Amino acid sequence: MTATATAPPLALHRDRRFRTFWSGQTIAQFGDRIGELALPLIAVSLLTATPVQVSVLTALIWLPNLLGLFLGAWVDQRTHKRRLLIIADLIRAAVLLSLPVAYLFDAVTLTQLYLVALLTGAGAVLFAMAHQAFFVALVPRSSYVDATSKLSMSRSLSFIAGPAVGGGLVQAFTAPVAIVVNAVSFLGSALLLSRIPVTESPPPPRRSSTMGLVREGLVLVLRHPVLRAALGCTSTVNFFTFIATALLVLYASRELDLSAGAIGIAFGFGALGGLAGAALAPRISRAIGLGRTAMIGVVLFPAPLALTAAVSGPTWTKVAMLAAIELVSSVGVMLMDVNLNALITAVTPDDARGRRAGAYSAVNYGIRPLGALVGGALGTTIGLRPTLVIAGLGGVLAVLWLLASPIRHIATIDEPAT
C-alpha cells in the first residue's frame with residue numbers, strides 16, 4: 001500500500017483523500033490540546049495532587065509506548081491499517097467519556113485518572129503504529145516534507161487555540177466537562193477516516209515469529225546510521241523536555257499563581273511559533289539543507305525552557321514571558337520534527353514501517369515517562385525552578401547526536417536513497 005516513489009509532487013490541498021485525513025487529524029489535535037490541559041488540572045484542582053502524582057499521571061500517558069516493540073510488529077502483519085486507526089480513535093473516545101460520567105456522580109478519583117491516562121496512551125500507540133503505513137498510501141515520497149509540514153501546521157494551530165479554548169472551558173464548565181470535547185474530537189476523526197477510500201495490500205508472507213519481527217525492528221533502528229542518530233537525538237530531547245512538561249502546568253498554577261485561562265492564553269499565544277516553524281520548515285530546509293534545519297530546531301526547542309525559571313512579576317508579565325518562551329520553543333520543535341520525521345519516513349523500508357515505528361517509539365516515547373518521573377522527583381527535592389533549568393540546558397545536548405552523524409550533511413529527502 002505504498003505511493004509510487006517516482007510520482008510527481010501533488011498539490012496536496014487538492015487531493016480529497018489527503019484533505020479528509022488532514023481534517024480528521026486537525027480535529028483530533030485540537031481535542032488533544034484541551035485534554036492535555038484538562039487532565040492535569042483535574043489532578044491539581046479537584047484532587048489536590050502533589051508534584052510526584054502529577055508526574056506519574058504524565059508518565060502513564062506515555063508508558064504504553066514501551067509496548068510499541070510488539071504492537072508495531074503485529075500491525076505490520078495486518079492488512080487493514082485504516083480499521084486500526086478508527087479502533088484507536090474509538091477506544092480513546094470511550095475512555096475519556098468515563099471522566100465526565102464519574103464527575104456527574106462525584107466519583108472522580110486519582111486511580112481513575114491514572115487508568116484514563118494509561119488507556120488513552122495505549123490508543124495513541126496503536127494509532128501511531130498504523131499511521132506510518134497509511135500515510136505512505138496517501139502521499140508520494142516527493143511530497144513527504146510538504147505533507148508532514150501540513151500535518152504539523154495543524155498540530156501547531158491546535159497548540160495556539162487549544163489551550164486557550166481548553167482554559168476557558170475549564171474555567172466555565174470545570175475540567176471534566178472540557179474532556180467531553182476531547183472525546184468528541186476522536187469520534188470526528190474516526191468518522192472522517194471511515195470515509196477515505198484506500199486499497200490496502202496484504203502484508204508479505206511472515207518470514208519469522210513475532211519476536212523475530214521485533215528483533216528486526218530493533219536491528220533496523222540501531223544499525224541504520226540515520227535512524228540511530230535521529231533516535232538518539234529525539235530520545236535525549238524528549239527525556240529532558242518531559243522533565244519540564246510534567247511540571248509546567250503545576251508550576252504555572254501554584255508557583256506563578258496563574259488561572260487556567262491565563263495558562264491557556266500563554267501556551268496558546270506561544271504556540272504561534274509552532275505554526276510559523278511548520279510553515280517555514282520546508283523553505284528553510286530547501287535553503288540551508290534538511291539536516292542543518294533539524295539541528296537548529298533541536299537547539300531552539302529545549303533551550304528556552306531554562307528561562308521559564310526566571311518568570312516573575314505581575315500577572316501580565318508572567319503570561320507574556322511564558323508566551324515568549326513557548327513561542328521560541330515551538331518554532332524549534334517544528335523545525336526538528338518536520339525534517340526528521342520526513343527523513344525517517346524516507347529511509348524506512350515499506351514492509352517494516354510498523355516494526356520500525358514500534359522500535360523507535362518504544363525508546364523515543366518510552367523515555368518520556370522516565371523524564372516525567374525524574375522531573376517529579378527533582379521538583380520535590382530541589383524545587384521547580386532549578387528543575388526547569390536542568391531540563392532546558394540538558395535538552396540542548398541532543399544536537400550532539402546529529403553533529404556526529406550523516407544527517408548533518410543531508411540536504412534533501414532523496415539523498416539517503418542515493
# chains A, B, ... in the order shown; residues from 1 in each chain; ligands from 1
$ residues_around --residues "A:Ala271" --least-positions-apart "3" --cutoff "10 Å" --atoms "only C-alpha atoms" --output "list in words"
Arg155, Ser156, Leu157, Ser158, Phe159, Ile160, Ala161, Gly162, Pro163, Ile265, Ala266, Phe267, Gly268, Gly274, Leu275, Ala276, Gly277, Ala323, Ala324, Ile325, Glu326, Leu327, Val328, Ser329, Ser330 and Val331 of chain A
$ closest_atom_pairs --of "stretch 165-238 of chain A" --to "stretch 368-386 of chain A" --cutoff "10 Å" --atoms "only C-alpha atoms" --output "JSON lines"
{"residue": "A:Ser235", "atom": "CA", "partner": "A:Arg368", "partner_atom": "CA", "distance": 8.0}
{"residue": "A:Thr236", "atom": "CA", "partner": "A:Arg368", "partner_atom": "CA", "distance": 9.5}
{"residue": "A:Val237", "atom": "CA", "partner": "A:Arg368", "partner_atom": "CA", "distance": 9.5}
{"residue": "A:Asn238", "atom": "CA", "partner": "A:Arg368", "partner_atom": "CA", "distance": 6.0}
$ residues_around --residues "A:Ser285" --least-positions-apart "6" --cutoff "8 Å" --atoms "only C-alpha atoms" --output "PDB file with N, CA and C atoms, in the first residue's frame"
ATOM      1  N   GLY A 291      19.274  18.577   7.073  1.00  0.00           N
ATOM      2  CA  GLY A 291      19.992  18.253   8.304  1.00  0.00           C
ATOM      3  C   GLY A 291      20.310  19.471   9.150  1.00  0.00           C
ATOM      4  N   ARG A 292      20.766  20.532   8.529  1.00  0.00           N
ATOM      5  CA  ARG A 292      21.090  21.747   9.281  1.00  0.00           C
ATOM      6  C   ARG A 292      19.847  22.364   9.906  1.00  0.00           C
ATOM      7  N   THR A 293      18.742  22.330   9.172  1.00  0.00           N
ATOM      8  CA  THR A 293      17.491  22.867   9.711  1.00  0.00           C
ATOM      9  C   THR A 293      17.063  22.085  10.945  1.00  0.00           C
ATOM     10  N   ASN A 339      11.404  17.976   9.644  1.00  0.00           N
ATOM     11  CA  ASN A 339      12.519  17.469   8.854  1.00  0.00           C
ATOM     12  C   ASN A 339      12.947  16.065   9.264  1.00  0.00           C
ATOM     13  N   ALA A 411      21.016  17.242   2.619  1.00  0.00           N
ATOM     14  CA  ALA A 411      20.356  18.483   2.190  1.00  0.00           C
ATOM     15  C   ALA A 411      18.931  18.251   1.723  1.00  0.00           C
ATOM     16  N   THR A 412      18.643  17.110   1.062  1.00  0.00           N
ATOM     17  CA  THR A 412      17.310  16.854   0.503  1.00  0.00           C
ATOM     18  C   THR A 412      16.826  15.466   0.915  1.00  0.00           C
TER      19      THR A 412
END
$ residues_around --residues "A:Gly289" --least-positions-apart "5" --cutoff "12 Å" --atoms "only C-alpha atoms" --output "CSV table (one decimal) with N, CA, C and O atoms, in the first residue's frame"
chain,number,residue,atom,x,y,z
A,281,ALA,N,9.5,25.4,7.8
A,281,ALA,CA,10.5,24.2,7.7
A,281,ALA,C,10.8,23.8,6.3
A,281,ALA,O,12.0,23.6,6.0
A,282,PRO,N,9.8,23.6,5.4
A,282,PRO,CA,10.2,23.2,4.1
A,282,PRO,C,11.1,24.2,3.4
A,282,PRO,O,12.0,23.9,2.6
A,283,ARG,N,10.8,25.5,3.5
A,283,ARG,CA,11.5,26.6,2.9
A,283,ARG,C,13.0,26.6,3.4
A,283,ARG,O,13.9,26.8,2.7
A,284,ILE,N,13.1,26.6,4.7
A,284,ILE,CA,14.4,26.7,5.3
A,284,ILE,C,15.3,25.5,4.9
A,284,ILE,O,16.5,25.6,4.6
A,294,ALA,N,17.2,20.8,10.9
A,294,ALA,CA,16.8,19.9,12.0
A,294,ALA,C,17.7,20.2,13.2
A,294,ALA,O,17.2,20.3,14.4
A,295,MET,N,19.0,20.5,13.0
A,295,MET,CA,19.9,20.8,14.1
A,295,MET,C,19.6,22.1,14.8
A,295,MET,O,19.6,22.2,16.0
A,296,ILE,N,19.2,23.1,14.0
A,296,ILE,CA,18.8,24.4,14.6
A,296,ILE,C,17.6,24.2,15.4
A,296,ILE,O,17.5,24.7,16.6
A,335,LEU,N,10.8,22.8,13.5
A,335,LEU,CA,12.0,22.7,12.6
A,335,LEU,C,12.6,21.3,12.7
A,335,LEU,O,13.1,20.7,11.8
A,339,ASN,N,11.4,18.0,9.6
A,339,ASN,CA,12.5,17.5,8.9
A,339,ASN,C,12.9,16.1,9.3
A,339,ASN,O,13.2,15.2,8.4
A,340,LEU,N,13.0,15.8,10.6
A,340,LEU,CA,13.4,14.5,11.0
A,340,LEU,C,12.4,13.4,10.7
A,340,LEU,O,12.7,12.3,10.3
A,343,LEU,N,12.5,12.6,7.0
A,343,LEU,CA,13.7,11.8,6.7
A,343,LEU,C,13.5,10.4,7.2
A,343,LEU,O,13.9,9.4,6.5
A,407,ILE,N,23.4,12.9,9.1
A,407,ILE,CA,22.3,13.8,9.0
A,407,ILE,C,22.7,15.2,8.8
A,407,ILE,O,22.1,16.0,8.0
A,408,ARG,N,23.8,15.6,9.4
A,408,ARG,CA,24.3,17.0,9.3
A,408,ARG,C,24.6,17.4,7.9
A,408,ARG,O,24.6,18.5,7.5
A,409,HIS,N,24.9,16.4,7.0
A,409,HIS,CA,25.3,16.6,5.6
A,409,HIS,C,24.2,16.4,4.7
A,409,HIS,O,24.3,16.7,3.5
A,410,ILE,N,23.0,15.9,5.1
A,410,ILE,CA,21.9,15.7,4.2
A,410,ILE,C,21.1,16.9,3.9
A,410,ILE,O,20.7,17.6,4.8
A,411,ALA,N,21.0,17.2,2.6
A,411,ALA,CA,20.4,18.5,2.2
A,411,ALA,C,18.9,18.3,1.7
A,411,ALA,O,18.1,19.1,1.9
A,412,THR,N,18.6,17.1,1.1
A,412,THR,CA,17.3,16.9,0.5
A,412,THR,C,16.8,15.5,0.9
A,412,THR,O,17.6,14.6,1.3
A,413,ILE,N,15.5,15.2,0.7
A,413,ILE,CA,14.9,14.0,1.1
A,413,ILE,C,15.4,12.8,0.3
A,413,ILE,O,15.3,11.7,0.8
A,414,ASP,N,15.9,13.0,-0.9
A,414,ASP,CA,16.3,11.9,-1.7
A,414,ASP,C,17.8,11.5,-1.5
A,414,ASP,O,18.2,10.4,-2.0
A,415,GLU,N,18.6,12.3,-0.8
A,415,GLU,CA,20.0,11.9,-0.6
A,415,GLU,C,20.2,10.6,0.1
A,415,GLU,O,21.1,9.8,-0.2
$ select_by_dssp --residues "stretch 66-155 of chain A" --states "alpha helix (DSSP H)" --output "ChimeraX atom specification"
/A:68-76,81-104,110-138,144-155
$ closest_residue --among "A:Arg17, A:Ile179, A:Leu110, A:Gln29" --to "A:Val95" --atoms "only C-alpha atoms"
A:Ile179
$ closest_residue --among "A:Ile390, A:Leu280, A:Ala190, A:Ile263" --to "A:Ala320" --atoms "only C-alpha atoms"
A:Ile263
$ closest_residue --among "A:Thr234, A:Ser189, A:Ser45, A:Thr308" --to "A:Val170" --atoms "only C-alpha atoms"
A:Ser45
$ closest_residue --among "A:Thr109, A:Thr387, A:Thr345, A:Asn182" --to "A:Pro140" --atoms "only C-alpha atoms"
A:Thr345
$ closest_residue --among "A:Pro51, A:Gly72, A:Gly167, A:Gly24" --to "A:Ser154" --atoms "only C-alpha atoms"
A:Gly24
$ atom_distance --atom1 "atom CA of A:Ala310" --atom2 "atom CA of A:Ile243"
16.8 Å
$ residues_around --residues "A:Leu305" --least-positions-apart "2" --cutoff "7 Å" --atoms "only C-alpha atoms" --output "list of chain:residue names"
A:Pro302, A:Ala303, A:Leu307, A:Thr308, A:Ile325, A:Leu388, A:Val389, A:Ala391, A:Gly392
$ residues_around --residues "A:Ser361" --least-positions-apart "6" --cutoff "10 Å" --atoms "only C-alpha atoms" --output "list in words"
Trp62, Pro64, Asn65, Leu66, Leu67, Gly68, Leu69, Gly72, Val125, Ala128, Met129, Leu231, Ser235, Arg355 and Ile367 of chain A
$ residues_around --residues "A:Ala260" --least-positions-apart "5" --cutoff "9 Å" --atoms "only C-alpha atoms" --output "PyMOL selection string"
chain A and resi 37+41+164+166-168+170-171+249+253+265
$ write_last_selection --atoms "all heavy atoms" --output "PDB file, in the first residue's frame"
ATOM      1  N   LEU A  37      -4.462  19.873  28.808  1.00  0.00           N
ATOM      2  CA  LEU A  37      -4.588  20.890  29.849  1.00  0.00           C
ATOM      3  C   LEU A  37      -5.555  20.432  30.933  1.00  0.00           C
ATOM      4  O   LEU A  37      -5.318  20.627  32.125  1.00  0.00           O
ATOM      5  CB  LEU A  37      -5.064  22.215  29.242  1.00  0.00           C
ATOM      6  CG  LEU A  37      -5.171  23.404  30.190  1.00  0.00           C
ATOM      7  CD1 LEU A  37      -3.797  23.780  30.731  1.00  0.00           C
ATOM      8  CD2 LEU A  37      -5.813  24.597  29.495  1.00  0.00           C
ATOM      9  N   LEU A  41      -5.137  19.482  35.246  1.00  0.00           N
ATOM     10  CA  LEU A  41      -5.913  20.416  36.071  1.00  0.00           C
ATOM     11  C   LEU A  41      -6.939  19.679  36.929  1.00  0.00           C
ATOM     12  O   LEU A  41      -7.272  20.134  38.031  1.00  0.00           O
ATOM     13  CB  LEU A  41      -6.601  21.457  35.186  1.00  0.00           C
ATOM     14  CG  LEU A  41      -5.686  22.580  34.682  1.00  0.00           C
ATOM     15  CD1 LEU A  41      -6.425  23.485  33.706  1.00  0.00           C
ATOM     16  CD2 LEU A  41      -5.124  23.399  35.847  1.00  0.00           C
ATOM     17  N   ALA A 164      -6.101  27.865  24.891  1.00  0.00           N
ATOM     18  CA  ALA A 164      -6.970  28.989  25.245  1.00  0.00           C
ATOM     19  C   ALA A 164      -8.415  28.529  25.377  1.00  0.00           C
ATOM     20  O   ALA A 164      -9.113  28.873  26.340  1.00  0.00           O
ATOM     21  CB  ALA A 164      -6.849  30.085  24.185  1.00  0.00           C
ATOM     22  N   GLY A 166      -9.353  25.413  25.845  1.00  0.00           N
ATOM     23  CA  GLY A 166      -9.389  24.486  26.972  1.00  0.00           C
ATOM     24  C   GLY A 166      -9.426  25.210  28.305  1.00  0.00           C
ATOM     25  O   GLY A 166     -10.192  24.855  29.200  1.00  0.00           O
ATOM     26  N   GLY A 167      -8.587  26.254  28.449  1.00  0.00           N
ATOM     27  CA  GLY A 167      -8.594  27.027  29.687  1.00  0.00           C
ATOM     28  C   GLY A 167      -9.940  27.683  29.937  1.00  0.00           C
ATOM     29  O   GLY A 167     -10.442  27.702  31.064  1.00  0.00           O
ATOM     30  N   GLY A 168     -10.553  28.219  28.878  1.00  0.00           N
ATOM     31  CA  GLY A 168     -11.880  28.827  29.018  1.00  0.00           C
ATOM     32  C   GLY A 168     -12.935  27.812  29.403  1.00  0.00           C
ATOM     33  O   GLY A 168     -13.800  28.079  30.255  1.00  0.00           O
ATOM     34  N   VAL A 170     -12.434  24.973  30.978  1.00  0.00           N
ATOM     35  CA  VAL A 170     -12.189  24.527  32.351  1.00  0.00           C
ATOM     36  C   VAL A 170     -12.736  25.544  33.339  1.00  0.00           C
ATOM     37  O   VAL A 170     -13.391  25.189  34.331  1.00  0.00           O
ATOM     38  CB  VAL A 170     -10.681  24.306  32.576  1.00  0.00           C
ATOM     39  CG1 VAL A 170     -10.383  24.120  34.063  1.00  0.00           C
ATOM     40  CG2 VAL A 170     -10.197  23.091  31.788  1.00  0.00           C
ATOM     41  N   GLN A 171     -12.505  26.842  33.075  1.00  0.00           N
ATOM     42  CA  GLN A 171     -12.993  27.871  33.994  1.00  0.00           C
ATOM     43  C   GLN A 171     -14.521  27.966  33.981  1.00  0.00           C
ATOM     44  O   GLN A 171     -15.159  28.180  35.016  1.00  0.00           O
ATOM     45  CB  GLN A 171     -12.391  29.225  33.621  1.00  0.00           C
ATOM     46  CG  GLN A 171     -10.958  29.393  34.101  1.00  0.00           C
ATOM     47  CD  GLN A 171     -10.520  30.853  34.151  1.00  0.00           C
ATOM     48  OE1 GLN A 171      -9.350  31.122  34.077  1.00  0.00           O
ATOM     49  NE2 GLN A 171     -11.424  31.781  34.285  1.00  0.00           N
ATOM     50  N   VAL A 249       2.407  22.855  34.038  1.00  0.00           N
ATOM     51  CA  VAL A 249       1.086  23.320  34.461  1.00  0.00           C
ATOM     52  C   VAL A 249       1.054  23.540  35.967  1.00  0.00           C
ATOM     53  O   VAL A 249       0.514  24.539  36.465  1.00  0.00           O
ATOM     54  CB  VAL A 249      -0.009  22.321  34.034  1.00  0.00           C
ATOM     55  CG1 VAL A 249      -1.354  22.694  34.648  1.00  0.00           C
ATOM     56  CG2 VAL A 249      -0.128  22.283  32.514  1.00  0.00           C
ATOM     57  N   SER A 253       0.453  27.116  37.714  1.00  0.00           N
ATOM     58  CA  SER A 253      -0.727  27.245  38.558  1.00  0.00           C
ATOM     59  C   SER A 253      -0.376  27.617  39.992  1.00  0.00           C
ATOM     60  O   SER A 253      -0.956  28.541  40.568  1.00  0.00           O
ATOM     61  CB  SER A 253      -1.525  25.931  38.525  1.00  0.00           C
ATOM     62  OG  SER A 253      -2.634  25.996  39.380  1.00  0.00           O
ATOM     63  N   ILE A 265      -3.988  31.008  27.689  1.00  0.00           N
ATOM     64  CA  ILE A 265      -3.619  32.126  26.802  1.00  0.00           C
ATOM     65  C   ILE A 265      -2.120  32.130  26.542  1.00  0.00           C
ATOM     66  O   ILE A 265      -1.668  32.312  25.408  1.00  0.00           O
ATOM     67  CB  ILE A 265      -4.085  33.459  27.415  1.00  0.00           C
ATOM     68  CG1 ILE A 265      -5.615  33.557  27.374  1.00  0.00           C
ATOM     69  CG2 ILE A 265      -3.454  34.633  26.672  1.00  0.00           C
ATOM     70  CD1 ILE A 265      -6.172  34.734  28.142  1.00  0.00           C
TER      71      ILE A 265
END
$ closest_residue --among "A:Leu248, A:Val396, A:Ala175, A:Ile344" --to "A:Gly35" --atoms "only C-alpha atoms"
A:Ala175
$ atom_distance --atom1 "atom CA of A:Gly212" --atom2 "atom CA of A:Asp337"
29.7 Å
$ atom_distance --atom1 "atom CA of A:Val333" --atom2 "atom CA of A:Gln132"
19.9 Å
$ decode --residues "stretch 70-110 of chain A" --atoms "N, CA and C atoms" --output "PDB file, in the first residue's frame"
ATOM      1  N   PHE A  70       6.235  -4.620  20.285  1.00  0.00           N
ATOM      2  CA  PHE A  70       5.431  -5.779  19.889  1.00  0.00           C
ATOM      3  C   PHE A  70       4.233  -5.355  19.036  1.00  0.00           C
ATOM      4  N   LEU A  71       3.635  -4.212  19.398  1.00  0.00           N
ATOM      5  CA  LEU A  71       2.472  -3.754  18.654  1.00  0.00           C
ATOM      6  C   LEU A  71       2.833  -3.388  17.222  1.00  0.00           C
ATOM      7  N   GLY A  72       4.007  -2.797  17.021  1.00  0.00           N
ATOM      8  CA  GLY A  72       4.445  -2.444  15.675  1.00  0.00           C
ATOM      9  C   GLY A  72       4.622  -3.668  14.799  1.00  0.00           C
ATOM     10  N   ALA A  73       5.216  -4.746  15.359  1.00  0.00           N
ATOM     11  CA  ALA A  73       5.383  -5.990  14.607  1.00  0.00           C
ATOM     12  C   ALA A  73       4.028  -6.600  14.276  1.00  0.00           C
ATOM     13  N   TRP A  74       3.100  -6.522  15.218  1.00  0.00           N
ATOM     14  CA  TRP A  74       1.748  -7.059  14.987  1.00  0.00           C
ATOM     15  C   TRP A  74       1.030  -6.258  13.897  1.00  0.00           C
ATOM     16  N   VAL A  75       1.143  -4.935  13.931  1.00  0.00           N
ATOM     17  CA  VAL A  75       0.489  -4.082  12.936  1.00  0.00           C
ATOM     18  C   VAL A  75       1.031  -4.366  11.538  1.00  0.00           C
ATOM     19  N   ASP A  76       2.322  -4.628  11.429  1.00  0.00           N
ATOM     20  CA  ASP A  76       2.917  -4.929  10.119  1.00  0.00           C
ATOM     21  C   ASP A  76       2.249  -6.128   9.450  1.00  0.00           C
ATOM     22  N   GLN A  77       1.700  -7.030  10.247  1.00  0.00           N
ATOM     23  CA  GLN A  77       1.075  -8.234   9.695  1.00  0.00           C
ATOM     24  C   GLN A  77      -0.417  -8.059   9.434  1.00  0.00           C
ATOM     25  N   ARG A  78      -0.957  -6.897   9.685  1.00  0.00           N
ATOM     26  CA  ARG A  78      -2.373  -6.624   9.448  1.00  0.00           C
ATOM     27  C   ARG A  78      -2.544  -5.926   8.104  1.00  0.00           C
ATOM     28  N   THR A  79      -3.607  -6.268   7.404  1.00  0.00           N
ATOM     29  CA  THR A  79      -3.891  -5.642   6.110  1.00  0.00           C
ATOM     30  C   THR A  79      -4.603  -4.309   6.268  1.00  0.00           C
ATOM     31  N   HIS A  80      -5.581  -4.252   7.169  1.00  0.00           N
ATOM     32  CA  HIS A  80      -6.477  -3.095   7.259  1.00  0.00           C
ATOM     33  C   HIS A  80      -5.963  -2.086   8.279  1.00  0.00           C
ATOM     34  N   LYS A  81      -5.028  -1.252   7.856  1.00  0.00           N
ATOM     35  CA  LYS A  81      -4.456  -0.235   8.748  1.00  0.00           C
ATOM     36  C   LYS A  81      -5.483   0.849   9.086  1.00  0.00           C
ATOM     37  N   ARG A  82      -6.332   1.193   8.119  1.00  0.00           N
ATOM     38  CA  ARG A  82      -7.340   2.222   8.385  1.00  0.00           C
ATOM     39  C   ARG A  82      -8.275   1.775   9.505  1.00  0.00           C
ATOM     40  N   ARG A  83      -8.628   0.506   9.511  1.00  0.00           N
ATOM     41  CA  ARG A  83      -9.506  -0.020  10.560  1.00  0.00           C
ATOM     42  C   ARG A  83      -8.857   0.129  11.929  1.00  0.00           C
ATOM     43  N   LEU A  84      -7.554  -0.084  11.998  1.00  0.00           N
ATOM     44  CA  LEU A  84      -6.849   0.060  13.271  1.00  0.00           C
ATOM     45  C   LEU A  84      -6.851   1.516  13.742  1.00  0.00           C
ATOM     46  N   LEU A  85      -6.707   2.447  12.800  1.00  0.00           N
ATOM     47  CA  LEU A  85      -6.761   3.862  13.160  1.00  0.00           C
ATOM     48  C   LEU A  85      -8.124   4.228  13.755  1.00  0.00           C
ATOM     49  N   ILE A  86      -9.185   3.726  13.157  1.00  0.00           N
ATOM     50  CA  ILE A  86     -10.538   4.010  13.642  1.00  0.00           C
ATOM     51  C   ILE A  86     -10.749   3.405  15.024  1.00  0.00           C
ATOM     52  N   ILE A  87     -10.294   2.152  15.212  1.00  0.00           N
ATOM     53  CA  ILE A  87     -10.430   1.496  16.516  1.00  0.00           C
ATOM     54  C   ILE A  87      -9.698   2.293  17.587  1.00  0.00           C
ATOM     55  N   ALA A  88      -8.498   2.772  17.267  1.00  0.00           N
ATOM     56  CA  ALA A  88      -7.720   3.556  18.238  1.00  0.00           C
ATOM     57  C   ALA A  88      -8.464   4.823  18.646  1.00  0.00           C
ATOM     58  N   ASP A  89      -9.087   5.498  17.684  1.00  0.00           N
ATOM     59  CA  ASP A  89      -9.855   6.709  17.997  1.00  0.00           C
ATOM     60  C   ASP A  89     -11.057   6.389  18.885  1.00  0.00           C
ATOM     61  N   LEU A  90     -11.759   5.310  18.578  1.00  0.00           N
ATOM     62  CA  LEU A  90     -12.958   4.952  19.351  1.00  0.00           C
ATOM     63  C   LEU A  90     -12.599   4.545  20.781  1.00  0.00           C
ATOM     64  N   ILE A  91     -11.475   3.843  20.946  1.00  0.00           N
ATOM     65  CA  ILE A  91     -11.031   3.467  22.296  1.00  0.00           C
ATOM     66  C   ILE A  91     -10.785   4.712  23.135  1.00  0.00           C
ATOM     67  N   ARG A  92     -10.079   5.673  22.561  1.00  0.00           N
ATOM     68  CA  ARG A  92      -9.756   6.882  23.328  1.00  0.00           C
ATOM     69  C   ARG A  92     -11.005   7.690  23.663  1.00  0.00           C
ATOM     70  N   ALA A  93     -11.948   7.757  22.723  1.00  0.00           N
ATOM     71  CA  ALA A  93     -13.191   8.495  22.994  1.00  0.00           C
ATOM     72  C   ALA A  93     -13.956   7.865  24.149  1.00  0.00           C
ATOM     73  N   ALA A  94     -14.085   6.543  24.137  1.00  0.00           N
ATOM     74  CA  ALA A  94     -14.847   5.852  25.181  1.00  0.00           C
ATOM     75  C   ALA A  94     -14.207   6.020  26.552  1.00  0.00           C
ATOM     76  N   VAL A  95     -12.898   5.896  26.607  1.00  0.00           N
ATOM     77  CA  VAL A  95     -12.187   6.009  27.887  1.00  0.00           C
ATOM     78  C   VAL A  95     -12.322   7.422  28.455  1.00  0.00           C
ATOM     79  N   LEU A  96     -12.166   8.430  27.620  1.00  0.00           N
ATOM     80  CA  LEU A  96     -12.259   9.809  28.096  1.00  0.00           C
ATOM     81  C   LEU A  96     -13.656  10.152  28.602  1.00  0.00           C
ATOM     82  N   LEU A  97     -14.674   9.617  27.961  1.00  0.00           N
ATOM     83  CA  LEU A  97     -16.049   9.916  28.378  1.00  0.00           C
ATOM     84  C   LEU A  97     -16.364   9.378  29.777  1.00  0.00           C
ATOM     85  N   SER A  98     -15.552   8.443  30.263  1.00  0.00           N
ATOM     86  CA  SER A  98     -15.792   7.925  31.620  1.00  0.00           C
ATOM     87  C   SER A  98     -15.550   9.001  32.684  1.00  0.00           C
ATOM     88  N   LEU A  99     -14.693   9.994  32.377  1.00  0.00           N
ATOM     89  CA  LEU A  99     -14.398  11.036  33.371  1.00  0.00           C
ATOM     90  C   LEU A  99     -15.579  11.962  33.643  1.00  0.00           C
ATOM     91  N   PRO A 100     -16.209  12.567  32.602  1.00  0.00           N
ATOM     92  CA  PRO A 100     -17.382  13.398  32.903  1.00  0.00           C
ATOM     93  C   PRO A 100     -18.522  12.611  33.526  1.00  0.00           C
ATOM     94  N   VAL A 101     -18.658  11.331  33.172  1.00  0.00           N
ATOM     95  CA  VAL A 101     -19.700  10.499  33.793  1.00  0.00           C
ATOM     96  C   VAL A 101     -19.415  10.349  35.287  1.00  0.00           C
ATOM     97  N   ALA A 102     -18.172  10.053  35.635  1.00  0.00           N
ATOM     98  CA  ALA A 102     -17.808   9.924  37.045  1.00  0.00           C
ATOM     99  C   ALA A 102     -17.971  11.256  37.782  1.00  0.00           C
ATOM    100  N   TYR A 103     -17.673  12.346  37.088  1.00  0.00           N
ATOM    101  CA  TYR A 103     -17.815  13.668  37.705  1.00  0.00           C
ATOM    102  C   TYR A 103     -19.270  13.970  38.063  1.00  0.00           C
ATOM    103  N   LEU A 104     -20.193  13.539  37.217  1.00  0.00           N
ATOM    104  CA  LEU A 104     -21.619  13.741  37.492  1.00  0.00           C
ATOM    105  C   LEU A 104     -22.036  13.072  38.797  1.00  0.00           C
ATOM    106  N   PHE A 105     -21.367  11.971  39.125  1.00  0.00           N
ATOM    107  CA  PHE A 105     -21.698  11.229  40.353  1.00  0.00           C
ATOM    108  C   PHE A 105     -20.701  11.525  41.475  1.00  0.00           C
ATOM    109  N   ASP A 106     -19.901  12.588  41.291  1.00  0.00           N
ATOM    110  CA  ASP A 106     -18.917  12.992  42.294  1.00  0.00           C
ATOM    111  C   ASP A 106     -18.003  11.822  42.669  1.00  0.00           C
ATOM    112  N   ALA A 107     -17.531  11.099  41.645  1.00  0.00           N
ATOM    113  CA  ALA A 107     -16.778   9.866  41.890  1.00  0.00           C
ATOM    114  C   ALA A 107     -15.408   9.854  41.216  1.00  0.00           C
ATOM    115  N   VAL A 108     -14.914  11.019  40.800  1.00  0.00           N
ATOM    116  CA  VAL A 108     -13.608  11.067  40.153  1.00  0.00           C
ATOM    117  C   VAL A 108     -12.512  10.814  41.195  1.00  0.00           C
ATOM    118  N   THR A 109     -11.624   9.888  40.873  1.00  0.00           N
ATOM    119  CA  THR A 109     -10.517   9.564  41.770  1.00  0.00           C
ATOM    120  C   THR A 109      -9.195   9.631  41.010  1.00  0.00           C
ATOM    121  N   LEU A 110      -8.098   9.672  41.755  1.00  0.00           N
ATOM    122  CA  LEU A 110      -6.786   9.687  41.134  1.00  0.00           C
ATOM    123  C   LEU A 110      -6.521   8.362  40.411  1.00  0.00           C
TER     124      LEU A 110
END
